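These notes are about the structure you will find just below.
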Amino acid sequence: MPLPFLTADRDLDAGNRPAAPPLPHEAPEVWRRPYRPGPWRVGISAVALLLASFVLLSAMIIGFAGSPAGAVTCVAVALVVIGLALRLLRVGVWVSSHGLRRVGLFGTVTEAWSVTGALRTVQQPVRWLGLPRTVQGQALVDRRISGTSRVLLTDHDADFLGRPEAFERAADVLEAWAAEYRR
């Protein structure tokens, strides 16, 4: 299965920078994440999938031992863990010509570009890996037309911790999408 976001990032890491960031006119009706998932997000998902494989192995052993209710319970737990691991890989900011979509672990919020305000990178206290502890860092903030603001990305979340260049590149691409479609 081709994974174009991996090859594009590998080309950028090798120093083959494109003339401009990928802009919305490439595939406007498709929702896409303009950055690849970070190593923390992928690692946590991989550990969860490994745990699910052990739970499925346990279900098989329990089923062969003659307890179908226990096997069904283990399969259900494994399916929940697999679902959470796959959802964790989809968490992030997605864009299309229709608007901006913020995908969370348990919910998704979609806003049209007309509602989205200016996207700006600011220095402010940010949460470290989504935990209650805050550190000084950078955040990409959406200052909505209604006057409220929300943080879209931070340089200390699971996608960008330890990768400041990737955060800057993602923030630039998201700002370019917003500038293109807010005209």
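Simple scheme: letters A, B, ... for chains in structure tokens order, numbers from 1 for residues in each chain, numbers from 1 for ligands in the order shown.
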Pick out each residue of chain A that DSSP on the backbone tags as strand (DSSP E); I need them as a compact mmCIF listing (two decimals) with C-alpha atoms, in the first residue's frame.
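Wrote states06.txt, looks like this:
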```txt
# COMPACT_ATOMS: atom_id res chain seq x y z
CA GLY A 92 -4.75 15.34 14.54
CA VAL A 93 -5.68 18.20 12.27
CA TRP A 94 -7.06 17.38 8.82
CA VAL A 95 -7.77 19.85 6.02
CA GLY A 99 -12.62 23.34 6.04
CA LEU A 100 -10.54 22.34 9.00
CA ARG A 101 -11.20 19.12 10.93
CA ARG A 102 -9.81 18.49 14.42
CA VAL A 103 -9.94 14.73 15.10
CA THR A 108 -14.31 15.14 15.78
CA VAL A 109 -14.99 18.83 15.19
CA THR A 110 -15.26 20.17 11.64
CA GLU A 111 -15.35 23.88 10.80
CA ALA A 112 -15.75 25.58 7.46
CA ALA A 118 -6.31 33.56 11.29
CA LEU A 119 -3.93 30.71 12.06
CA ARG A 120 -0.86 31.96 13.91
CA THR A 121 2.09 30.35 15.67
CA VAL A 122 2.48 31.81 19.17
CA GLN A 123 4.73 31.24 22.19
CA GLN A 124 2.68 30.13 25.18
CA PRO A 125 2.50 27.46 27.87
CA VAL A 126 1.47 24.18 26.20
CA ARG A 127 0.57 20.76 27.53
CA THR A 134 2.58 22.54 30.98
CA VAL A 135 5.86 23.73 29.52
CA GLN A 136 6.80 26.78 27.49
CA GLY A 137 6.46 26.04 23.79
CA GLN A 138 4.91 26.98 20.49
CA ALA A 139 1.30 26.47 19.51
CA LEU A 140 -0.61 26.92 16.28
CA VAL A 141 -3.69 28.87 17.36
CA ASP A 142 -6.89 29.38 15.38
CA ARG A 143 -8.29 32.82 16.22
CA SER A 149 -9.48 30.85 19.91
CA ARG A 150 -8.36 27.25 20.11
CA VAL A 151 -5.04 25.47 19.95
CA LEU A 152 -4.70 23.20 16.92
CA LEU A 153 -1.11 21.93 17.29
CA THR A 154 1.71 22.30 19.78
```
Interatomic distance, CA of Thr148 (chain A) to CA of Arg32 (chain A) (Å, one decimal):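 Computing it gives 24.9 Å between the two atoms.
Taking only C-alpha atoms into account, Arg87 (chain A) lies nearest to A:Val42 out of the set A:Phe64, A:Gly117, A:Leu56, A:Val42.
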Nearest to Thr73 (chain A) by atom-to-atom distance, counting only C-alpha atoms, from A:Ala48, A:Val55, A:Leu89, A:Arg33: A:Val55
All residues 10 Å or closer to Pro37 (chain A), only C-alpha atoms, same chain fewer than 2 positions away omitted, as a PyMOL selection string: chain A and resi 5-6+33-35+39-42+88-92+158-160
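Pairwise distance (CA of Leu84 (chain A), CA of Phe106 (chain A)) equals 9.0 Å.
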Which residue of A:Arg36, A:Glu175, A:Ala71, A:Ile82 approaches Leu51 (chain A) most closely, using only C-alpha atoms: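 Looking at the shortest contact to Leu51 (chain A), the residue is A:Ile82.
Considering the residues A:Ala170, A:Val115, A:Ala69, A:Leu79 and counting only C-alpha atoms, Leu49 (chain A) has its shortest atom-to-atom contact with A:Leu79.
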Nearest candidate to Leu105 (chain A) (options A:Ala178, A:Ala85, A:Ile44, A:Ile145; using only C-alpha atoms): A:Ala85
Atomic distance CA of Ser45 (chain A) - CA of Leu86 (chain A), expressed in Å with one decimal: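 Between CA of Ser45 (chain A) and CA of Leu86 (chain A) the gap is 7.1 Å.
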DSSP-assigned alpha helix (DSSP H) members of region 36-147 of chain A, reported as a ChimeraX atom specification: /A:39-65,68-90
Among the residues A:Arg133, A:Val173, A:Trp31, A:Ala179, the one that comes closest to Ser97 (chain A) [using only C-alpha atoms]: A:Trp31
